[in-house]
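Content type mmCIF, C-alpha atoms, from the file query26.cif:
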```cif
data_upload
#
loop_
_atom_site.label_atom_id
_atom_site.label_comp_id
_atom_site.auth_asym_id
_atom_site.auth_seq_id
_atom_site.Cartn_x
_atom_site.Cartn_y
_atom_site.Cartn_z
CA MET A 1 20.55 -42.39 25.87
CA SER A 2 16.92 -42.65 24.97
CA THR A 3 15.96 -40.28 27.76
CA SER A 4 18.40 -37.63 26.64
CA ALA A 5 17.22 -37.99 23.04
CA THR A 6 13.65 -37.56 24.16
CA GLU A 7 14.61 -34.48 26.11
CA ARG A 8 16.35 -33.00 23.09
CA GLU A 9 13.30 -33.37 20.80
CA PRO A 10 11.31 -30.43 22.24
CA ARG A 11 14.37 -28.22 21.80
CA THR A 12 14.78 -29.08 18.13
CA ALA A 13 11.07 -29.06 17.34
CA GLY A 14 10.17 -25.72 15.85
CA GLY A 15 13.83 -24.73 15.86
CA PRO A 16 13.83 -22.69 12.64
CA ALA A 17 10.66 -20.85 13.67
CA ARG A 18 12.22 -20.08 17.06
CA ARG A 19 15.41 -18.85 15.43
CA ARG A 20 13.43 -16.56 13.12
CA ALA A 21 11.55 -15.20 16.11
CA ASP A 22 14.84 -14.51 17.91
CA LEU A 23 16.08 -12.30 15.07
CA PRO A 24 15.76 -8.52 15.53
CA SER A 25 12.52 -7.27 14.04
CA PRO A 26 14.10 -5.09 11.28
CA LEU A 27 16.36 -7.95 10.15
CA ARG A 28 13.50 -10.44 10.16
CA HIS A 29 11.34 -8.16 8.06
CA LEU A 30 14.20 -7.46 5.64
CA LEU A 31 14.69 -11.21 5.14
CA LEU A 32 10.97 -11.62 4.43
CA ALA A 33 11.18 -8.68 2.02
CA ALA A 34 14.06 -10.36 0.18
CA LEU A 35 12.03 -13.58 -0.12
CA ALA A 36 9.03 -11.64 -1.43
CA LEU A 37 11.18 -9.84 -4.00
CA ALA A 38 12.67 -13.16 -5.13
CA ALA A 39 9.17 -14.57 -5.57
CA VAL A 40 8.09 -11.56 -7.66
CA ALA A 41 11.26 -11.82 -9.78
CA GLY A 42 10.58 -15.51 -10.40
CA LEU A 43 7.01 -14.70 -11.41
CA LEU A 44 8.21 -12.04 -13.84
CA LEU A 45 10.45 -14.59 -15.55
CA VAL A 46 7.45 -16.66 -16.65
CA THR A 47 5.06 -13.83 -17.54
CA GLY A 48 4.92 -11.12 -20.19
CA ASP A 49 5.08 -7.34 -20.23
CA LEU A 50 1.36 -6.89 -19.61
CA THR A 51 1.46 -8.99 -16.45
CA ALA A 52 4.59 -7.13 -15.35
CA LEU A 53 2.78 -3.79 -15.55
CA ARG A 54 -0.18 -5.23 -13.64
CA LEU A 55 2.11 -6.59 -10.95
CA ALA A 56 3.72 -3.17 -10.68
CA ALA A 57 0.26 -1.65 -10.19
CA VAL A 58 -0.47 -4.22 -7.49
CA GLY A 59 2.81 -3.25 -5.82
CA TYR A 60 2.32 0.50 -5.48
CA THR A 61 -1.38 0.05 -4.65
CA MET A 62 -0.44 -2.39 -1.89
CA LEU A 63 2.07 0.09 -0.46
CA ALA A 64 -0.55 2.85 -0.38
CA VAL A 65 -3.12 0.58 1.30
CA ALA A 66 -0.52 -0.69 3.80
CA GLY A 67 0.28 2.87 4.83
CA LEU A 68 -3.41 3.58 5.27
CA GLN A 69 -3.76 0.36 7.27
CA LEU A 70 -1.10 1.57 9.72
CA LEU A 71 -3.01 4.83 10.12
CA VAL A 72 -6.54 3.43 10.38
CA GLY A 73 -5.96 -0.01 11.83
CA GLY A 74 -2.93 0.97 13.90
CA SER A 75 -3.79 4.35 15.39
CA GLY A 76 -7.54 4.52 14.72
CA GLN A 77 -7.42 7.70 12.61
CA VAL A 78 -9.76 7.75 9.62
CA SER A 79 -8.34 9.58 6.61
CA LEU A 80 -10.26 10.39 3.44
CA GLY A 81 -7.30 12.17 1.88
CA HIS A 82 -4.74 9.42 1.38
CA GLY A 83 -4.93 9.88 -2.38
CA ALA A 84 -3.75 13.47 -1.90
CA PHE A 85 -0.40 12.23 -0.58
CA MET A 86 -0.12 9.91 -3.56
CA MET A 87 -0.63 13.00 -5.71
CA ILE A 88 2.08 14.87 -3.81
CA GLY A 89 4.49 12.01 -4.41
CA ALA A 90 3.47 11.66 -8.05
CA TYR A 91 3.95 15.32 -8.95
CA THR A 92 7.19 15.49 -6.98
CA MET A 93 8.50 12.56 -8.98
CA ALA A 94 7.39 14.09 -12.29
CA LEU A 95 8.92 17.50 -11.50
CA LEU A 96 12.21 15.92 -10.44
CA VAL A 97 12.46 13.94 -13.66
CA LEU A 98 11.67 17.02 -15.75
CA ARG A 99 13.77 19.58 -13.86
CA LEU A 100 16.65 17.38 -12.61
CA PRO A 101 17.02 14.65 -15.24
CA MET A 102 20.51 13.70 -14.07
CA LEU A 103 19.32 12.77 -10.59
CA PRO A 104 19.32 8.97 -10.21
CA LEU A 105 16.09 7.08 -9.61
CA ALA A 106 17.01 6.24 -6.03
CA GLY A 107 17.58 9.94 -5.35
CA ASN A 108 14.18 10.76 -6.85
CA LEU A 109 12.45 8.23 -4.63
CA VAL A 110 14.23 9.48 -1.52
CA ALA A 111 13.21 13.04 -2.39
CA VAL A 112 9.62 11.90 -2.95
CA VAL A 113 9.53 10.31 0.50
CA ALA A 114 11.04 13.45 2.05
CA VAL A 115 8.44 15.76 0.45
CA ALA A 116 5.54 13.45 1.38
CA THR A 117 6.90 13.23 4.93
CA ALA A 118 7.03 17.03 5.20
CA ALA A 119 3.45 17.24 3.94
CA GLY A 120 2.43 14.58 6.45
CA VAL A 121 4.04 16.54 9.30
CA ALA A 122 2.16 19.70 8.29
CA VAL A 123 -1.23 18.02 7.88
CA GLY A 124 -0.78 15.67 10.84
CA ALA A 125 0.17 18.51 13.21
CA ALA A 126 -2.82 20.56 12.04
CA THR A 127 -5.28 17.68 12.55
CA ALA A 128 -3.76 16.04 15.66
CA ARG A 129 -6.55 17.26 17.94
CA LEU A 130 -9.34 16.21 15.59
CA HIS A 131 -11.28 12.98 16.04
CA GLY A 132 -13.70 10.84 14.07
CA PRO A 133 -15.76 12.73 11.49
CA TYR A 134 -13.85 15.98 12.09
CA LEU A 135 -10.58 14.35 11.08
CA ALA A 136 -12.27 12.66 8.13
CA GLY A 137 -13.72 16.00 7.05
CA ALA A 138 -10.36 17.77 7.25
CA THR A 139 -8.63 15.14 5.15
CA LEU A 140 -11.60 15.16 2.78
CA ILE A 141 -10.99 18.85 2.12
CA LEU A 142 -7.38 18.03 1.30
CA ALA A 143 -8.39 15.34 -1.20
CA VAL A 144 -10.93 17.62 -2.89
CA GLY A 145 -8.87 20.81 -2.95
CA LEU A 146 -5.39 19.61 -3.83
CA PRO A 147 -6.10 18.68 -7.49
CA GLY A 148 -7.31 22.24 -8.02
CA LEU A 149 -3.76 23.51 -7.52
CA THR A 150 -2.85 22.07 -10.91
CA HIS A 151 -5.10 24.68 -12.52
CA ARG A 152 -3.94 27.48 -10.24
CA TYR A 153 -0.31 26.78 -11.14
CA HIS A 154 -0.81 25.66 -14.70
CA GLU A 155 2.68 26.60 -15.88
CA VAL A 156 4.36 24.36 -13.30
CA LEU A 157 1.88 21.51 -12.84
CA GLY A 158 0.44 21.29 -16.33
CA GLY A 159 -3.24 21.94 -15.57
CA SER A 160 -5.73 19.28 -16.64
CA ASN A 161 -3.19 17.64 -18.94
CA GLY A 162 -0.77 17.09 -16.09
CA LEU A 163 2.87 16.24 -16.57
CA THR A 164 4.31 13.61 -18.88
CA VAL A 165 7.76 12.18 -18.21
CA ARG A 166 10.03 9.61 -19.76
CA THR A 167 11.82 7.33 -17.34
CA ALA A 168 14.89 5.24 -18.02
CA GLY A 169 14.53 1.55 -18.76
CA ALA A 170 16.72 -1.37 -17.76
CA PRO A 171 20.46 -0.67 -17.41
CA PRO A 172 22.67 -1.65 -20.37
CA PHE A 173 24.03 -4.82 -18.78
CA LEU A 174 20.47 -6.16 -18.33
CA GLN A 175 19.14 -5.27 -21.78
CA GLY A 176 18.11 -8.41 -23.56
CA LEU A 177 17.53 -10.20 -20.26
CA VAL A 178 14.59 -8.15 -19.00
CA SER A 179 12.21 -5.89 -20.85
CA GLY A 180 11.45 -2.33 -19.89
CA SER A 181 8.16 -3.30 -18.24
CA GLU A 182 9.78 -6.11 -16.28
CA TRP A 183 12.51 -3.77 -15.08
CA LYS A 184 9.93 -1.24 -13.92
CA ALA A 185 8.08 -3.96 -12.03
CA LEU A 186 11.31 -5.04 -10.34
CA VAL A 187 12.11 -1.45 -9.34
CA VAL A 188 8.60 -0.95 -7.99
CA TRP A 189 8.63 -4.14 -5.96
CA THR A 190 12.10 -3.45 -4.59
CA ALA A 191 10.86 -0.13 -3.23
CA VAL A 192 7.57 -1.71 -2.11
CA VAL A 193 9.10 -4.56 -0.09
CA LEU A 194 11.51 -2.13 1.59
CA GLY A 195 8.59 0.14 2.43
CA LEU A 196 6.56 -2.78 3.74
CA ALA A 197 9.51 -3.90 5.87
CA VAL A 198 9.61 -0.43 7.46
CA LEU A 199 5.84 -0.44 8.04
CA ALA A 200 5.94 -3.93 9.56
CA THR A 201 8.83 -2.95 11.84
CA VAL A 202 6.94 0.14 13.00
CA SER A 203 3.73 -1.84 13.52
CA THR A 204 5.35 -4.59 15.61
CA GLY A 205 7.67 -2.32 17.57
CA ARG A 206 7.27 0.06 20.46
CA LEU A 207 5.71 2.75 18.30
CA GLY A 208 3.14 0.29 16.99
CA ARG A 209 2.17 -0.68 20.54
CA ARG A 210 1.74 2.98 21.39
CA MET A 211 -0.44 3.48 18.33
CA ARG A 212 -2.71 0.60 19.30
CA ALA A 213 -2.97 1.94 22.84
CA VAL A 214 -4.03 5.34 21.50
CA ARG A 215 -6.49 3.65 19.15
CA ASP A 216 -8.11 1.65 21.94
CA ASP A 217 -8.36 4.43 24.56
CA GLU A 218 -6.66 7.81 24.31
CA THR A 219 -7.37 8.69 27.93
CA ALA A 220 -5.86 5.48 29.26
CA ALA A 221 -2.89 5.87 26.93
CA ALA A 222 -2.25 9.41 28.19
CA MET A 223 -2.47 8.24 31.81
CA SER A 224 0.12 5.56 30.99
CA GLY A 225 2.58 8.22 29.88
CA ILE A 226 2.11 7.82 26.12
CA PRO A 227 2.32 11.14 24.20
CA VAL A 228 -1.00 10.86 22.38
CA GLY A 229 -0.56 13.83 20.06
CA ALA A 230 2.97 12.91 18.98
CA THR A 231 1.96 9.29 18.43
CA LYS A 232 -0.96 10.27 16.20
CA VAL A 233 1.18 12.69 14.20
CA THR A 234 3.88 10.05 13.77
CA ALA A 235 1.33 7.55 12.46
CA PHE A 236 0.04 10.15 10.03
CA VAL A 237 3.56 10.98 8.84
CA VAL A 238 4.51 7.33 8.25
CA ALA A 239 1.27 6.71 6.32
CA SER A 240 1.83 9.88 4.28
CA ALA A 241 5.37 8.81 3.37
CA ALA A 242 4.07 5.43 2.19
CA GLY A 243 1.36 7.10 0.11
CA GLY A 244 3.82 9.55 -1.42
CA LEU A 245 6.22 6.76 -2.36
CA ALA A 246 3.34 4.84 -3.93
CA GLY A 247 2.42 7.89 -6.02
CA GLY A 248 6.03 8.36 -7.15
CA LEU A 249 6.24 4.71 -8.20
CA GLN A 250 2.98 5.08 -10.11
CA VAL A 251 4.43 7.92 -12.16
CA TYR A 252 7.59 5.90 -12.75
CA VAL A 253 5.49 3.08 -14.24
CA LEU A 254 2.88 5.10 -16.14
CA GLY A 255 5.04 8.08 -17.16
CA THR A 256 2.31 10.62 -16.41
CA ALA A 257 0.76 12.53 -13.51
CA THR A 258 -2.65 14.16 -14.02
CA PRO A 259 -5.17 15.53 -11.52
CA SER A 260 -7.78 13.07 -12.80
CA MET A 261 -5.67 10.22 -11.40
CA PHE A 262 -5.93 11.55 -7.84
CA THR A 263 -9.54 12.56 -7.34
CA LEU A 264 -11.59 11.93 -4.21
CA SER A 265 -12.69 8.57 -5.62
CA LEU A 266 -9.10 7.32 -5.28
CA SER A 267 -9.02 8.06 -1.55
CA LEU A 268 -12.41 6.43 -1.08
CA THR A 269 -11.33 3.42 -3.12
CA LEU A 270 -8.20 2.98 -0.99
CA LEU A 271 -10.22 3.15 2.22
CA ALA A 272 -12.84 0.72 0.87
CA ALA A 273 -10.10 -1.63 -0.35
CA LEU A 274 -8.54 -1.56 3.13
CA VAL A 275 -11.81 -2.73 4.66
CA LEU A 276 -12.32 -5.30 1.93
CA GLY A 277 -8.83 -6.76 2.34
CA GLY A 278 -8.94 -6.76 6.12
CA ILE A 279 -7.92 -4.12 8.65
CA GLY A 280 -5.08 -5.11 10.94
CA SER A 281 -2.87 -7.18 8.66
CA MET A 282 -0.32 -6.45 5.95
CA TRP A 283 -1.68 -9.47 4.10
CA GLY A 284 -4.98 -7.63 3.90
CA ALA A 285 -3.22 -4.88 1.94
CA LEU A 286 -2.09 -7.47 -0.61
CA TRP A 287 -5.60 -8.90 -1.09
CA ALA A 288 -6.96 -5.35 -1.34
CA ALA A 289 -4.43 -4.38 -4.02
CA LEU A 290 -5.18 -7.51 -6.04
CA ALA A 291 -8.89 -6.76 -5.82
CA VAL A 292 -8.48 -3.13 -6.87
CA VAL A 293 -6.25 -3.90 -9.86
CA TYR A 294 -7.66 -7.14 -11.22
CA LEU A 295 -11.35 -6.63 -10.47
CA GLU A 296 -11.43 -3.57 -12.71
CA ILE A 297 -9.53 -5.41 -15.46
CA TRP A 298 -11.79 -8.47 -15.41
CA LEU A 299 -14.97 -6.41 -15.36
CA SER A 300 -13.79 -4.19 -18.20
CA ASP A 301 -12.98 -7.26 -20.28
CA ALA A 302 -16.42 -8.71 -19.55
CA VAL A 303 -18.20 -5.47 -20.49
CA ARG A 304 -16.31 -5.29 -23.79
CA ALA A 305 -17.07 -8.92 -24.55
CA PHE A 306 -20.82 -8.33 -24.10
CA GLU A 307 -20.65 -4.87 -25.76
CA LEU A 308 -22.44 -3.13 -22.90
CA GLY A 309 -21.09 0.33 -23.66
CA LYS A 310 -18.58 2.76 -22.21
CA ASP A 311 -20.83 4.04 -19.43
CA VAL A 312 -21.32 0.55 -18.05
CA GLU A 313 -17.58 -0.12 -18.31
CA ASN A 314 -16.79 3.03 -16.29
CA ASN A 315 -19.37 2.47 -13.55
CA LEU A 316 -19.72 -1.31 -13.18
CA PRO A 317 -16.41 -1.82 -11.29
CA ILE A 318 -17.42 0.83 -8.74
CA VAL A 319 -20.86 -0.72 -8.26
CA LEU A 320 -19.55 -4.26 -7.89
CA PHE A 321 -16.77 -3.12 -5.58
CA GLY A 322 -19.38 -1.46 -3.38
CA VAL A 323 -21.57 -4.58 -3.35
CA LEU A 324 -18.59 -6.74 -2.36
CA LEU A 325 -17.72 -4.29 0.39
CA ILE A 326 -21.26 -4.42 1.81
CA LEU A 327 -21.27 -8.22 1.74
CA VAL A 328 -17.90 -8.41 3.45
CA LEU A 329 -18.93 -5.97 6.18
CA ARG A 330 -22.17 -7.88 6.72
CA PHE A 331 -20.86 -11.42 6.80
CA GLN A 332 -17.09 -11.15 7.41
CA PRO A 333 -15.99 -7.89 9.08
CA LEU A 334 -12.36 -9.04 9.07
CA GLY A 335 -12.31 -8.87 5.26
CA LEU A 336 -10.76 -11.23 2.76
CA HIS A 337 -7.85 -11.96 5.08
CA GLY A 338 -10.32 -13.05 7.76
CA ILE A 339 -12.00 -15.39 5.27
CA LEU A 340 -8.66 -16.95 4.35
CA GLN A 341 -7.75 -17.33 8.02
CA ARG A 342 -11.04 -19.11 8.68
CA LEU A 343 -10.48 -21.46 5.75
CA ARG A 344 -6.98 -22.18 7.03
CA ALA A 345 -8.38 -23.03 10.46
CA LEU A 346 -10.97 -25.34 8.93
CA LEU A 347 -8.29 -27.16 6.96
CA ARG A 348 -6.23 -27.64 10.11
CA ARG A 349 -9.23 -29.11 11.92
CA ALA A 350 -9.92 -31.41 8.98
CA ARG A 351 -6.35 -32.74 9.17
#
```

The structure given in the file should be rewritten as structure tokens.
Amino acid sequence: MSTSATEREPRTAGGPARRRADLPSPLRHLLLAALALAAVAGLLLVTGDLTALRLAAVGYTMLAVAGLQLLVGGSGQVSLGHGAFMMIGAYTMALLVLRLPMLPLAGNLVAVVAVATAAGVAVGAATARLHGPYLAGATLILAVGLPGLTHRYHEVLGGSNGLTVRTAGAPPFLQGLVSGSEWKALVVWTAVVLGLAVLATVSTGRLGRRMRAVRDDETAAAMSGIPVGATKVTAFVVASAAGGLAGGLQVYVLGTATPSMFTLSLSLTLLAALVLGGIGSMWGALWAALAVVYLEIWLSDAVRAFELGKDVENNLPIVLFGVLLILVLRFQPLGLHGILQRLRALLRRAR
């Protein structure tokens, strides 16, 4: 009796973890997405409208950084034009709301992803043979030139003033239970966790392994039978779709799309945030999004408290963000996620 009980202990130890690991990857990631959405919903219940809007900003920023992480950390392609795909998604969303107001929100978001995917196919196919600084330069041109189209097609895209839209609030049966800002945050995070589940499934699946093989050595990957060009284009398309969806969600929250929102500095900020958060982990995208959103808020509040002027308020977040990035690259190349992992390991040793 005692022997059989002893033999059964290793089987039951870690049972839930083993059962989770045995689940198909898409189902496992969907379950984690549902848990994340429940956590966000619980947080919204104890916070106000301002926090809800900030959480929504964290959500769509995290989705954009996660898409870039799949491209840079997964396939090794450096893009300086990720903000351009956010702009494509944002203006697609705004035009759909203005021209097809009867289309439901889910239909708008699906259309946004479709348009961003088509743009990703076009740009990815055109840059598939480029490497390193040549690829970065090509995507840089996209980030610099795309906002200029708003002036070229002023009647459609609104020029410097952009497009202003009015999105629907909470459905009638939820009015009084959640505010408009809380509903927007819930919508954003629902789309975000679904997008993250797709990105995680791609990253951990066969396609993700192919991407990492191409990232590590393209010649060896080609000799192993991996279609290098198709793999790189696919990574670019998936990242573009994530960026476009993030831009569409941003317009849904803010109600406006202007070229000043999607300048080159946005693409550079997303890339810097990716490095700061930690390349190679979806958790790094979360830390990066929190840093991007809340660092600017805290610094702006501090500048106003000390009455340092508007110029300081506009430039101090960029300067401090750059200093933090330099320190992280110098002392912790794995980013904030690497720091947290090291602290976790130290706590385990202490126990």

Listing only residues of range 215-317 of chain A within 8 Å of range 174-189 of chain A, what is the closest atom pair and its distance in Å (to one decimal) for each, using only C-alpha atoms, sorted by chain and residue number ascending, as a Markdown table?
```
| residue | atom | partner | partner_atom | distance |
| --- | --- | --- | --- | --- |
| A:Leu249 | CA | A:Val188 | CA | 6.1 |
| A:Tyr252 | CA | A:Lys184 | CA | 7.6 |
| A:Val253 | CA | A:Lys184 | CA | 6.2 |
```

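Counting all atoms listed in the file, range 268-281 of chain A has the following residues at most 7 Å away, ignoring those fewer than 3 positions along the same chain: Val65, Gln69, Gly73, Leu80, Leu264, Ser265, Gly284, Ala285, Trp287, Ala288, Val292, Leu325, Val328, Leu334, Gly335, Leu336, His337 and Gly338 of chain A.
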
Task: the PyMOL selection byres ((chain A and resi 225-232) around 9) resolved against shown file, as a list in words - done: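 Checking the PyMOL selection byres ((chain A and resi 225-232) around 9) against this file, the residues are Leu71, Ser75, Gly76, Gln77, Gly124, Ala125, Ala128, Arg129, Leu207, Arg210, Met211, Ala213, Val214, Glu218, Thr219, Ala220, Ala221, Ala222, Met223, Ser224, Val233, Thr234, Ala235, Phe236 and Val237 of chain A.
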
Task: Residues returned when the PyMOL selection byres ((chain A and resi 165) around 9) runs on this file, as an MDAnalysis selection string - done: chainID A and resid 94:95 97:98 163:164 166:167 251:252 254:257

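The coordinates place CA of Thr92 in chain A at 28.3 Å from CA of His29 in chain A.
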
Task: the PyMOL selection byres ((chain A and resi 247) around 9) applied to the shown file, residues as a PyMOL selection string - done: chain A and resi 60-61+64+83+85-91+93+112+242-246+248-252+257

Task: Long-range neighbours of Ala118 in chain A as a list of chain:residue names, 9 Å cut-off, all atoms listed in the file, 5 positions minimum in chain - done: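 Within the cut-off, the hits are A:Val113, A:Val123, A:Val237, A:Ser240, A:Ala241.
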
- [ ] Could you please determine the separation between CA of Leu286 in chain A and CA of His82 in chain A in Å, to one decimal place?
- [x]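 Answer for the CA of Leu286 in chain A to CA of His82 in chain A separation: 17.2 Å.
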
- [ ] Rank A:Leu320, A:Val193, A:Leu299, A:Ala84 by their smallest atom-to-atom distance to Pro259 in chain A, using only C-alpha atoms, and report the top residue only.
- [x]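 Checking each of A:Leu320, A:Val193, A:Leu299, A:Ala84 against Pro259 in chain A, counting only C-alpha atoms, the winner is A:Ala84.
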
- [ ] Using all atoms listed in the file, pick whichever of A:Leu308, A:Ala122, A:Ala136, A:Ser25 has the shortest atom-to-atom distance to Arg206 in chain A.
- [x] A:Ser25

Report, as JSON, the axis-aligned box around all atoms of range 233-244 of chain A present in the file, extended by 4 Å on each side; give centre and edge lengths in Å to one decimal place.
```
{"center_x": 2.7, "center_y": 9.1, "center_z": 6.4, "size_x": 13.3, "size_y": 15.3, "size_z": 23.6}
```

- [ ] May I ask for the distance between CA of Gly205 in chain A and CA of Val110 in chain A, given in Å to one decimal place?
- [x] 23.4 Å

Task: Of the listed residues A:Leu37, A:Val238, A:Ala191, A:Leu142, that which approaches Ser203 in chain A most closely, counting all atoms listed in the file - done: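 Among the listed residues, the smallest separation from Ser203 in chain A belongs to A:Val238.
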
Tell me, as a JSON list (two decimals) with C-alpha atoms, in the frame of the given file, which residues lie within 9 Å of Met282 in chain A, counting all atoms listed in the file; anything in the same chain fewer than 6 positions away does not count.
```json
[["chain", "number", "residue", "atom", "x", "y", "z"],
["A", 62, "MET", "CA", -0.44, -2.39, -1.89],
["A", 65, "VAL", "CA", -3.12, 0.58, 1.30],
["A", 66, "ALA", "CA", -0.52, -0.69, 3.80],
["A", 69, "GLN", "CA", -3.76, 0.36, 7.27],
["A", 70, "LEU", "CA", -1.10, 1.57, 9.72],
["A", 196, "LEU", "CA", 6.56, -2.78, 3.74],
["A", 199, "LEU", "CA", 5.84, -0.44, 8.04],
["A", 200, "ALA", "CA", 5.94, -3.93, 9.56]]
```

Task: Nearest to Pro147 in chain A by atom-to-atom distance, counting only C-alpha atoms, from A:Gly322, A:Gly48, A:Gly42, A:Gly81 - done: A:Gly81

- [ ] Extract, using only C-alpha atoms, all DNA, RNA and protein residues at most 9 Å from Ser260 in chain A, discarding same-chain residues fewer than 2 positions from it, and format them as a ChimeraX atom specification.
- [x] /A:147,160-162,257-258,262-263
